[in-house]
$ cat run26.pdb   # PDB, C-alpha atoms, pLDDT in the B column
ATOM      1  CA  MET A 110      22.248  27.937 -18.279  1.00 55.00           C
ATOM      2  CA  GLN A 111      18.795  29.399 -17.678  1.00 70.00           C
ATOM      3  CA  LYS A 112      15.904  27.163 -18.738  1.00 76.00           C
ATOM      4  CA  SER A 113      13.125  28.515 -20.922  1.00 82.00           C
ATOM      5  CA  CYS A 114       9.513  28.825 -19.821  1.00 83.00           C
ATOM      6  CA  LYS A 115       8.640  25.894 -22.083  1.00 84.00           C
ATOM      7  CA  GLU A 116      11.152  23.646 -20.280  1.00 83.00           C
ATOM      8  CA  ILE A 117      10.031  24.868 -16.856  1.00 81.00           C
ATOM      9  CA  ASP A 118       6.365  24.362 -17.818  1.00 81.00           C
ATOM     10  CA  LYS A 119       7.070  20.661 -18.372  1.00 82.00           C
ATOM     11  CA  MET A 120       8.589  20.397 -14.887  1.00 84.00           C
ATOM     12  CA  LEU A 121       5.890  22.262 -12.923  1.00 82.00           C
ATOM     13  CA  VAL A 122       3.693  19.217 -12.197  1.00 82.00           C
ATOM     14  CA  ASP A 123       6.621  17.338 -10.689  1.00 84.00           C
ATOM     15  CA  TYR A 124       7.732  20.510  -8.883  1.00 84.00           C
ATOM     16  CA  ALA A 125       4.269  20.948  -7.313  1.00 82.00           C
ATOM     17  CA  ASP A 126       4.312  17.287  -6.207  1.00 79.00           C
ATOM     18  CA  GLY A 127       7.852  17.566  -4.808  1.00 81.00           C
ATOM     19  CA  GLN A 128       9.107  14.928  -7.231  1.00 86.00           C
ATOM     20  CA  LEU A 129      12.086  16.825  -8.655  1.00 87.00           C
ATOM     21  CA  SER A 130      15.672  16.392  -7.602  1.00 89.00           C
ATOM     22  CA  ALA A 131      17.156  19.136  -5.445  1.00 88.00           C
ATOM     23  CA  SER A 132      19.018  20.696  -8.352  1.00 88.00           C
ATOM     24  CA  GLU A 133      16.001  20.684 -10.658  1.00 88.00           C
ATOM     25  CA  SER A 134      13.800  22.011  -7.891  1.00 87.00           C
ATOM     26  CA  SER A 135      16.163  24.898  -7.255  1.00 89.00           C
ATOM     27  CA  GLU A 136      16.284  25.680 -10.999  1.00 88.00           C
ATOM     28  CA  VAL A 137      12.492  25.842 -11.122  1.00 87.00           C
ATOM     29  CA  ALA A 138      12.326  27.921  -7.931  1.00 88.00           C
ATOM     30  CA  GLU A 139      14.888  30.358  -9.313  1.00 88.00           C
ATOM     31  CA  HIS A 140      12.955  30.655 -12.584  1.00 88.00           C
ATOM     32  CA  LEU A 141       9.712  31.214 -10.675  1.00 87.00           C
ATOM     33  CA  THR A 142      11.201  34.180  -8.826  1.00 89.00           C
ATOM     34  CA  LYS A 143      11.719  35.908 -12.163  1.00 88.00           C
ATOM     35  CA  CYS A 144       8.779  34.740 -14.292  1.00 87.00           C
ATOM     36  CA  GLU A 145       5.255  35.875 -13.457  1.00 89.00           C
ATOM     37  CA  GLN A 146       3.662  33.705 -16.136  1.00 89.00           C
ATOM     38  CA  CYS A 147       5.180  30.495 -14.717  1.00 87.00           C
ATOM     39  CA  GLN A 148       4.153  31.620 -11.223  1.00 89.00           C
ATOM     40  CA  ARG A 149       0.529  31.916 -12.385  1.00 89.00           C
ATOM     41  CA  THR A 150       0.727  28.530 -14.051  1.00 87.00           C
ATOM     42  CA  LEU A 151       2.068  26.960 -10.840  1.00 85.00           C
ATOM     43  CA  GLN A 152      -0.637  28.651  -8.772  1.00 88.00           C
ATOM     44  CA  ALA A 153      -3.332  27.356 -11.129  1.00 86.00           C
ATOM     45  CA  LEU A 154      -1.828  23.867 -10.971  1.00 83.00           C
ATOM     46  CA  GLN A 155      -1.756  23.970  -7.170  1.00 83.00           C
ATOM     47  CA  ARG A 156      -5.386  25.091  -7.089  1.00 83.00           C
ATOM     48  CA  SER A 157      -6.259  22.196  -9.371  1.00 81.00           C
ATOM     49  CA  LEU A 158      -4.471  19.752  -7.103  1.00 79.00           C
ATOM     50  CA  GLU A 159      -6.227  21.185  -4.054  1.00 80.00           C
ATOM     51  CA  LEU A 160      -9.560  20.935  -5.865  1.00 75.00           C
ATOM     52  CA  ALA A 161      -8.838  17.331  -6.807  1.00 72.00           C
ATOM     53  CA  GLY A 162      -8.179  16.594  -3.135  1.00 72.00           C
ATOM     54  CA  VAL A 163     -11.449  18.228  -2.090  1.00 70.00           C
ATOM     55  CA  ILE A 164     -13.353  16.323  -4.776  1.00 65.00           C
ATOM     56  CA  TRP A 165     -11.774  13.084  -3.641  1.00 67.00           C
ATOM     57  CA  GLU A 166     -12.642  13.749   0.009  1.00 64.00           C
ATOM     58  CA  ASP A 167     -16.233  14.662  -0.813  1.00 62.00           C
ATOM     59  CA  GLY A 168     -16.615  11.680  -3.123  1.00 58.00           C
ATOM     60  CA  LEU A 169     -17.779  13.791  -6.040  1.00 50.00           C
ATOM     61  CA  ALA A 170     -17.518  12.003  -9.379  1.00 51.00           C
ATOM     62  CA  GLU A 171     -18.698  14.710 -11.701  1.00 53.00           C
ATOM     63  CA  THR A 172     -16.149  17.449 -12.206  1.00 49.00           C
ATOM     64  CA  GLU A 173     -17.401  18.938 -15.465  1.00 54.00           C
ATOM     65  CA  ALA A 174     -19.632  21.412 -13.630  1.00 58.00           C
ATOM     66  CA  ILE A 175     -16.737  22.807 -11.587  1.00 58.00           C
ATOM     67  CA  ARG A 176     -14.878  25.685 -13.176  1.00 64.00           C
ATOM     68  CA  ILE A 177     -11.601  27.007 -11.894  1.00 64.00           C
ATOM     69  CA  PRO A 178     -11.136  30.732 -12.385  1.00 66.00           C
ATOM     70  CA  VAL A 179      -7.927  31.395 -14.285  1.00 61.00           C
ATOM     71  CA  PRO A 180      -6.312  34.822 -14.486  1.00 64.00           C
ATOM     72  CA  HIS A 181      -6.208  36.346 -17.953  1.00 60.00           C
ATOM     73  CA  LYS A 182      -3.182  35.154 -19.893  1.00 55.00           C
ATOM     74  CA  THR A 183      -1.276  36.943 -22.587  1.00 58.00           C
ATOM     75  CA  ARG A 184      -0.160  33.735 -24.244  1.00 60.00           C
ATOM     76  CA  LYS A 185      -1.852  30.359 -24.403  1.00 61.00           C
ATOM     77  CA  ILE A 186      -0.438  27.747 -22.047  1.00 63.00           C
ATOM     78  CA  HIS A 187      -1.833  24.240 -21.995  1.00 68.00           C
ATOM     79  CA  TRP A 188      -1.894  23.977 -18.200  1.00 73.00           C
ATOM     80  CA  PRO A 189      -5.387  22.398 -18.039  1.00 77.00           C
ATOM     81  CA  ARG A 190      -3.925  19.300 -19.638  1.00 77.00           C
ATOM     82  CA  TYR A 191      -1.218  19.168 -16.962  1.00 77.00           C
ATOM     83  CA  ALA A 192      -3.744  19.858 -14.240  1.00 82.00           C
ATOM     84  CA  ALA A 193      -5.992  17.060 -15.482  1.00 84.00           C
ATOM     85  CA  VAL A 194      -3.052  14.675 -15.605  1.00 83.00           C
ATOM     86  CA  ALA A 195      -1.941  15.741 -12.126  1.00 87.00           C
ATOM     87  CA  ALA A 196      -5.466  15.326 -10.756  1.00 87.00           C
ATOM     88  CA  SER A 197      -5.748  11.889 -12.358  1.00 88.00           C
ATOM     89  CA  ILE A 198      -2.394  10.826 -10.968  1.00 89.00           C
ATOM     90  CA  LEU A 199      -3.347  12.165  -7.560  1.00 89.00           C
ATOM     91  CA  LEU A 200      -6.596  10.238  -7.683  1.00 89.00           C
ATOM     92  CA  VAL A 201      -4.895   6.974  -8.679  1.00 88.00           C
ATOM     93  CA  VAL A 202      -2.184   7.372  -6.044  1.00 89.00           C
ATOM     94  CA  THR A 203      -4.736   8.136  -3.342  1.00 88.00           C
ATOM     95  CA  ILE A 204      -6.851   5.124  -4.271  1.00 86.00           C
ATOM     96  CA  SER A 205      -3.718   2.964  -4.294  1.00 85.00           C
ATOM     97  CA  VAL A 206      -2.605   4.186  -0.866  1.00 84.00           C
ATOM     98  CA  VAL A 207      -6.065   3.680   0.643  1.00 84.00           C
ATOM     99  CA  TRP A 208      -6.354   0.246  -0.942  1.00 81.00           C
ATOM    100  CA  ARG A 209      -2.953  -0.839   0.354  1.00 78.00           C
ATOM    101  CA  ALA A 210      -3.763   0.456   3.810  1.00 73.00           C
ATOM    102  CA  LEU A 211      -6.995  -1.540   3.860  1.00 75.00           C
ATOM    103  CA  VAL A 212      -5.364  -4.684   2.496  1.00 71.00           C
ATOM    104  CA  LYS A 213      -2.334  -4.441   4.794  1.00 63.00           C
ATOM    105  CA  SER A 214      -4.564  -4.002   7.840  1.00 57.00           C
ATOM    106  CA  THR A 215      -6.304  -7.316   7.090  1.00 61.00           C
ATOM    107  CA  GLU A 216      -3.099  -9.155   6.159  1.00 60.00           C
ATOM    108  CA  LYS A 217      -1.080  -8.888   9.339  1.00 71.00           C
ATOM    109  CA  GLU A 218       2.416 -10.233   8.841  1.00 76.00           C
ATOM    110  CA  PRO A 219       3.655 -12.436  11.677  1.00 77.00           C
ATOM    111  CA  THR A 220       6.508 -11.262  13.819  1.00 83.00           C
ATOM    112  CA  PHE A 221       9.727 -13.230  14.214  1.00 82.00           C
ATOM    113  CA  ALA A 222       8.588 -14.361  17.665  1.00 86.00           C
ATOM    114  CA  GLU A 223       5.290 -15.618  16.207  1.00 88.00           C
ATOM    115  CA  ILE A 224       7.119 -17.578  13.511  1.00 86.00           C
ATOM    116  CA  GLU A 225       9.465 -19.053  16.094  1.00 88.00           C
ATOM    117  CA  ARG A 226       6.485 -20.051  18.280  1.00 89.00           C
ATOM    118  CA  ARG A 227       4.786 -21.777  15.338  1.00 88.00           C
ATOM    119  CA  ILE A 228       7.963 -23.692  14.503  1.00 88.00           C
ATOM    120  CA  THR A 229       8.330 -24.797  18.128  1.00 89.00           C
ATOM    121  CA  GLU A 230       4.687 -25.912  18.252  1.00 89.00           C
ATOM    122  CA  SER A 231       5.033 -27.836  14.996  1.00 90.00           C
ATOM    123  CA  CYS A 232       8.128 -29.618  16.306  1.00 87.00           C
ATOM    124  CA  SER A 233       6.461 -30.508  19.599  1.00 88.00           C
ATOM    125  CA  ALA A 234       3.357 -31.765  17.847  1.00 89.00           C
ATOM    126  CA  ALA A 235       5.434 -33.838  15.427  1.00 90.00           C
ATOM    127  CA  ARG A 236       7.356 -35.432  18.316  1.00 90.00           C
ATOM    128  CA  LEU A 237       4.152 -36.273  20.178  1.00 87.00           C
ATOM    129  CA  LEU A 238       2.644 -37.714  17.017  1.00 87.00           C
ATOM    130  CA  ALA A 239       5.717 -39.875  16.439  1.00 90.00           C
ATOM    131  CA  ALA A 240       5.575 -41.147  20.025  1.00 89.00           C
ATOM    132  CA  ALA A 241       1.852 -41.893  19.704  1.00 88.00           C
ATOM    133  CA  ASP A 242       2.531 -43.771  16.459  1.00 89.00           C
ATOM    134  CA  LEU A 243       5.070 -45.947  18.294  1.00 87.00           C
ATOM    135  CA  LEU A 244       2.559 -46.616  21.062  1.00 86.00           C
ATOM    136  CA  ASP A 245      -0.159 -47.424  18.533  1.00 87.00           C
ATOM    137  CA  LYS A 246       1.874 -50.372  17.210  1.00 88.00           C
ATOM    138  CA  TYR A 247       1.338 -52.338  20.417  1.00 86.00           C
ATOM    139  CA  THR A 248      -2.104 -53.626  21.450  1.00 86.00           C
ATOM    140  CA  ASP A 249      -1.591 -52.841  25.134  1.00 88.00           C
ATOM    141  CA  THR A 250      -0.896 -49.122  24.494  1.00 86.00           C
ATOM    142  CA  LYS A 251      -3.470 -48.343  21.773  1.00 86.00           C
ATOM    143  CA  ALA A 252      -5.690 -46.449  24.267  1.00 88.00           C
ATOM    144  CA  ILE A 253      -2.736 -44.297  25.343  1.00 87.00           C
ATOM    145  CA  ALA A 254      -1.931 -43.599  21.681  1.00 87.00           C
ATOM    146  CA  LYS A 255      -5.541 -42.493  21.043  1.00 90.00           C
ATOM    147  CA  ARG A 256      -5.340 -40.074  23.982  1.00 90.00           C
ATOM    148  CA  GLN A 257      -2.072 -38.719  22.603  1.00 90.00           C
ATOM    149  CA  TYR A 258      -3.681 -38.199  19.178  1.00 90.00           C
ATOM    150  CA  HIS A 259      -6.547 -36.284  20.817  1.00 92.00           C
ATOM    151  CA  TYR A 260      -4.050 -34.235  22.837  1.00 92.00           C
ATOM    152  CA  VAL A 261      -2.095 -33.273  19.682  1.00 90.00           C
ATOM    153  CA  VAL A 262      -5.312 -32.205  17.944  1.00 92.00           C
ATOM    154  CA  LYS A 263      -6.461 -30.179  20.952  1.00 93.00           C
ATOM    155  CA  LYS A 264      -3.119 -28.614  21.940  1.00 91.00           C
ATOM    156  CA  TYR A 265      -1.667 -27.945  18.446  1.00 90.00           C
ATOM    157  CA  PRO A 266      -4.678 -27.544  16.093  1.00 92.00           C
ATOM    158  CA  GLU A 267      -2.824 -25.418  13.498  1.00 89.00           C
ATOM    159  CA  THR A 268      -0.015 -27.892  12.854  1.00 91.00           C
ATOM    160  CA  PRO A 269       0.378 -30.572  10.162  1.00 92.00           C
ATOM    161  CA  ALA A 270       0.776 -33.122  12.962  1.00 91.00           C
ATOM    162  CA  ALA A 271      -2.755 -32.291  14.180  1.00 92.00           C
ATOM    163  CA  VAL A 272      -4.114 -33.033  10.711  1.00 91.00           C
ATOM    164  CA  GLU A 273      -2.329 -36.412  10.754  1.00 91.00           C
ATOM    165  CA  ALA A 274      -3.560 -37.146  14.271  1.00 91.00           C
ATOM    166  CA  LYS A 275      -7.170 -36.473  13.192  1.00 91.00           C
ATOM    167  CA  LEU A 276      -6.776 -39.026  10.424  1.00 90.00           C
ATOM    168  CA  ARG A 277      -5.425 -41.624  12.852  1.00 89.00           C
ATOM    169  CA  ILE A 278      -8.279 -41.052  15.342  1.00 88.00           C
ATOM    170  CA  LYS A 279     -10.896 -42.043  12.773  1.00 78.00           C
TER     171      LYS A 279
END
$ encode --input "run26.pdb" --output "structure tokens"
Amino acid sequence: MQKSCKEIDKMLVDYADGQLSASESSEVAEHLTKCEQCQRTLQALQRSLELAGVIWEDGLAETEAIRIPVPHKTRKIHWPRYAAVAASILLVVTISVVWRALVKSTEKEPTFAEIERRITESCSAARLLAAADLLDKYTDTKAIAKRQYHYVVKKYPETPAAVEAKLRIK
């Protein structure tokens, strides 16, 4: 069943953004081949989206002074509302993508190898700390234990064992 212009008009924003399913997209494309009015509406919407991209790139905040020439219409279509919504959505999505890119670049996730290395270091540091604790119990080996504590702090500074060793040095 052929969709009316009113139904197609509601789908044009998603069609321009490529957000429709394949079947809906083909329905809209088929309708556009036959309907000049919907073609003009889509063209105006695409110009609005392009303009929103240019405004975003240039960093312009004031858009009231910019007028988009629209071909004369025989019937009134409320495409400016859709264009404004599309431009707003485009702006929010762009800001979100840029923000995530900036945040992700500063928050580097460790690789599996890095995690495995940290675990191995923590285990080694914990073993050395345990051995130093055993040595620290005897008066003859207290100096050796102190050196072991210093070694743990120096060699494995990012481990919980290094924090414990610092406390035992003091």
$ resolve_selection --input "run26.pdb" --expression "the PyMOL selection byres ((chain A and resi 272) around 12)" --output "MDAnalysis selection string"
chainID A and resid 231 234:235 238 258:259 261:263 265:271 273:279
$ resolve_selection --input "run26.pdb" --expression "the PyMOL selection byres ((chain A and resi 240) around 12)" --output "count of residues only"
25
$ residues_near_point --input "run26.pdb" --point "(12.4, 28.8, -12.6)" --cutoff "10 Å" --atoms "all atoms listed in the file" --output "ChimeraX atom specification"
/A:111-114,116-118,120-121,133-144,147-148
$ residues_near_point --input "run26.pdb" --point "(-0.9, 17.3, -13.5)" --cutoff "9 Å" --atoms "only C-alpha atoms" --output "ChimeraX atom specification"
/A:121-123,125-126,154,157-158,188-199
$ atom_distance --input "run26.pdb" --atom1 "atom CA of A:Lys119" --atom2 "atom CA of A:Arg156"
17.4 Å
$ atom_distance --input "run26.pdb" --atom1 "atom CA of A:Lys115" --atom2 "atom CA of A:Leu151"
13.1 Å
$ atom_distance --input "run26.pdb" --atom1 "atom CA of A:Tyr260" --atom2 "atom CA of A:Glu230"
12.9 Å
$ axis_aligned_box --input "run26.pdb" --around "stretch 124-141 of chain A" --padding-each-side "6 Å" --output "lines of an AutoDock Vina configuration file"
center_x = 11.6
center_y = 23.1
center_z = -8.7
size_x = 26.7
size_y = 28.3
size_z = 19.8
$ closest_residue --input "run26.pdb" --among "A:Leu200, A:Leu211, A:Cys232, A:Lys217" --to "A:Leu160" --atoms "only C-alpha atoms"
A:Leu200
$ decode --input "run26.pdb" --residues "stretch 136-162 of chain A" --atoms "N, CA and C atoms" --output "PDB file, in the first residue's frame"
ATOM      1  N   GLU A 136      10.530   2.390   0.675  1.00  0.00           N
ATOM      2  CA  GLU A 136       9.192   2.986   0.508  1.00  0.00           C
ATOM      3  C   GLU A 136       9.309   4.496   0.286  1.00  0.00           C
ATOM      4  N   VAL A 137      10.151   5.125   1.117  1.00  0.00           N
ATOM      5  CA  VAL A 137      10.320   6.579   0.997  1.00  0.00           C
ATOM      6  C   VAL A 137      10.961   6.912  -0.345  1.00  0.00           C
ATOM      7  N   ALA A 138      11.987   6.158  -0.725  1.00  0.00           N
ATOM      8  CA  ALA A 138      12.666   6.410  -2.004  1.00  0.00           C
ATOM      9  C   ALA A 138      11.706   6.257  -3.173  1.00  0.00           C
ATOM     10  N   GLU A 139      10.864   5.247  -3.117  1.00  0.00           N
ATOM     11  CA  GLU A 139       9.877   5.036  -4.183  1.00  0.00           C
ATOM     12  C   GLU A 139       8.892   6.205  -4.236  1.00  0.00           C
ATOM     13  N   HIS A 140       8.446   6.664  -3.067  1.00  0.00           N
ATOM     14  CA  HIS A 140       7.509   7.788  -3.021  1.00  0.00           C
ATOM     15  C   HIS A 140       8.177   9.052  -3.581  1.00  0.00           C
ATOM     16  N   LEU A 141       9.461   9.236  -3.237  1.00  0.00           N
ATOM     17  CA  LEU A 141      10.168  10.426  -3.689  1.00  0.00           C
ATOM     18  C   LEU A 141      10.312  10.473  -5.214  1.00  0.00           C
ATOM     19  N   THR A 142      10.384   9.311  -5.843  1.00  0.00           N
ATOM     20  CA  THR A 142      10.500   9.314  -7.307  1.00  0.00           C
ATOM     21  C   THR A 142       9.238   9.833  -7.971  1.00  0.00           C
ATOM     22  N   LYS A 143       8.124   9.783  -7.240  1.00  0.00           N
ATOM     23  CA  LYS A 143       6.844  10.179  -7.832  1.00  0.00           C
ATOM     24  C   LYS A 143       6.312  11.508  -7.305  1.00  0.00           C
ATOM     25  N   CYS A 144       6.840  11.997  -6.197  1.00  0.00           N
ATOM     26  CA  CYS A 144       6.252  13.178  -5.552  1.00  0.00           C
ATOM     27  C   CYS A 144       7.260  14.323  -5.494  1.00  0.00           C
ATOM     28  N   GLU A 145       6.999  15.359  -6.288  1.00  0.00           N
ATOM     29  CA  GLU A 145       7.880  16.516  -6.337  1.00  0.00           C
ATOM     30  C   GLU A 145       7.882  17.295  -5.029  1.00  0.00           C
ATOM     31  N   GLN A 146       6.737  17.406  -4.407  1.00  0.00           N
ATOM     32  CA  GLN A 146       6.616  18.154  -3.152  1.00  0.00           C
ATOM     33  C   GLN A 146       7.491  17.530  -2.057  1.00  0.00           C
ATOM     34  N   CYS A 147       7.452  16.223  -1.919  1.00  0.00           N
ATOM     35  CA  CYS A 147       8.271  15.534  -0.913  1.00  0.00           C
ATOM     36  C   CYS A 147       9.753  15.630  -1.275  1.00  0.00           C
ATOM     37  N   GLN A 148      10.065  15.651  -2.567  1.00  0.00           N
ATOM     38  CA  GLN A 148      11.446  15.835  -3.000  1.00  0.00           C
ATOM     39  C   GLN A 148      11.970  17.188  -2.541  1.00  0.00           C
ATOM     40  N   ARG A 149      11.144  18.235  -2.730  1.00  0.00           N
ATOM     41  CA  ARG A 149      11.547  19.587  -2.302  1.00  0.00           C
ATOM     42  C   ARG A 149      11.714  19.645  -0.784  1.00  0.00           C
ATOM     43  N   THR A 150      10.819  19.001  -0.085  1.00  0.00           N
ATOM     44  CA  THR A 150      10.926  18.977   1.375  1.00  0.00           C
ATOM     45  C   THR A 150      12.219  18.300   1.806  1.00  0.00           C
ATOM     46  N   LEU A 151      12.560  17.168   1.181  1.00  0.00           N
ATOM     47  CA  LEU A 151      13.794  16.461   1.505  1.00  0.00           C
ATOM     48  C   LEU A 151      15.013  17.321   1.169  1.00  0.00           C
ATOM     49  N   GLN A 152      14.981  17.988   0.030  1.00  0.00           N
ATOM     50  CA  GLN A 152      16.098  18.850  -0.348  1.00  0.00           C
ATOM     51  C   GLN A 152      16.274  19.980   0.662  1.00  0.00           C
ATOM     52  N   ALA A 153      15.177  20.575   1.102  1.00  0.00           N
ATOM     53  CA  ALA A 153      15.254  21.650   2.089  1.00  0.00           C
ATOM     54  C   ALA A 153      15.797  21.114   3.410  1.00  0.00           C
ATOM     55  N   LEU A 154      15.376  19.939   3.794  1.00  0.00           N
ATOM     56  CA  LEU A 154      15.857  19.310   5.025  1.00  0.00           C
ATOM     57  C   LEU A 154      17.353  19.031   4.924  1.00  0.00           C
ATOM     58  N   GLN A 155      17.798  18.526   3.786  1.00  0.00           N
ATOM     59  CA  GLN A 155      19.221  18.246   3.603  1.00  0.00           C
ATOM     60  C   GLN A 155      20.046  19.527   3.630  1.00  0.00           C
ATOM     61  N   ARG A 156      19.512  20.595   3.044  1.00  0.00           N
ATOM     62  CA  ARG A 156      20.212  21.881   3.110  1.00  0.00           C
ATOM     63  C   ARG A 156      20.302  22.359   4.551  1.00  0.00           C
ATOM     64  N   SER A 157      19.255  22.155   5.308  1.00  0.00           N
ATOM     65  CA  SER A 157      19.262  22.557   6.714  1.00  0.00           C
ATOM     66  C   SER A 157      20.303  21.773   7.497  1.00  0.00           C
ATOM     67  N   LEU A 158      20.383  20.483   7.222  1.00  0.00           N
ATOM     68  CA  LEU A 158      21.376  19.655   7.909  1.00  0.00           C
ATOM     69  C   LEU A 158      22.794  20.074   7.528  1.00  0.00           C
ATOM     70  N   GLU A 159      23.006  20.358   6.247  1.00  0.00           N
ATOM     71  CA  GLU A 159      24.311  20.833   5.805  1.00  0.00           C
ATOM     72  C   GLU A 159      24.655  22.156   6.470  1.00  0.00           C
ATOM     73  N   LEU A 160      23.675  23.056   6.551  1.00  0.00           N
ATOM     74  CA  LEU A 160      23.882  24.349   7.187  1.00  0.00           C
ATOM     75  C   LEU A 160      24.207  24.172   8.661  1.00  0.00           C
ATOM     76  N   ALA A 161      23.516  23.266   9.317  1.00  0.00           N
ATOM     77  CA  ALA A 161      23.795  23.000  10.733  1.00  0.00           C
ATOM     78  C   ALA A 161      25.229  22.513  10.906  1.00  0.00           C
ATOM     79  N   GLY A 162      25.693  21.674   9.985  1.00  0.00           N
ATOM     80  CA  GLY A 162      27.077  21.208  10.041  1.00  0.00           C
ATOM     81  C   GLY A 162      28.068  22.341   9.853  1.00  0.00           C
TER      82      GLY A 162
END
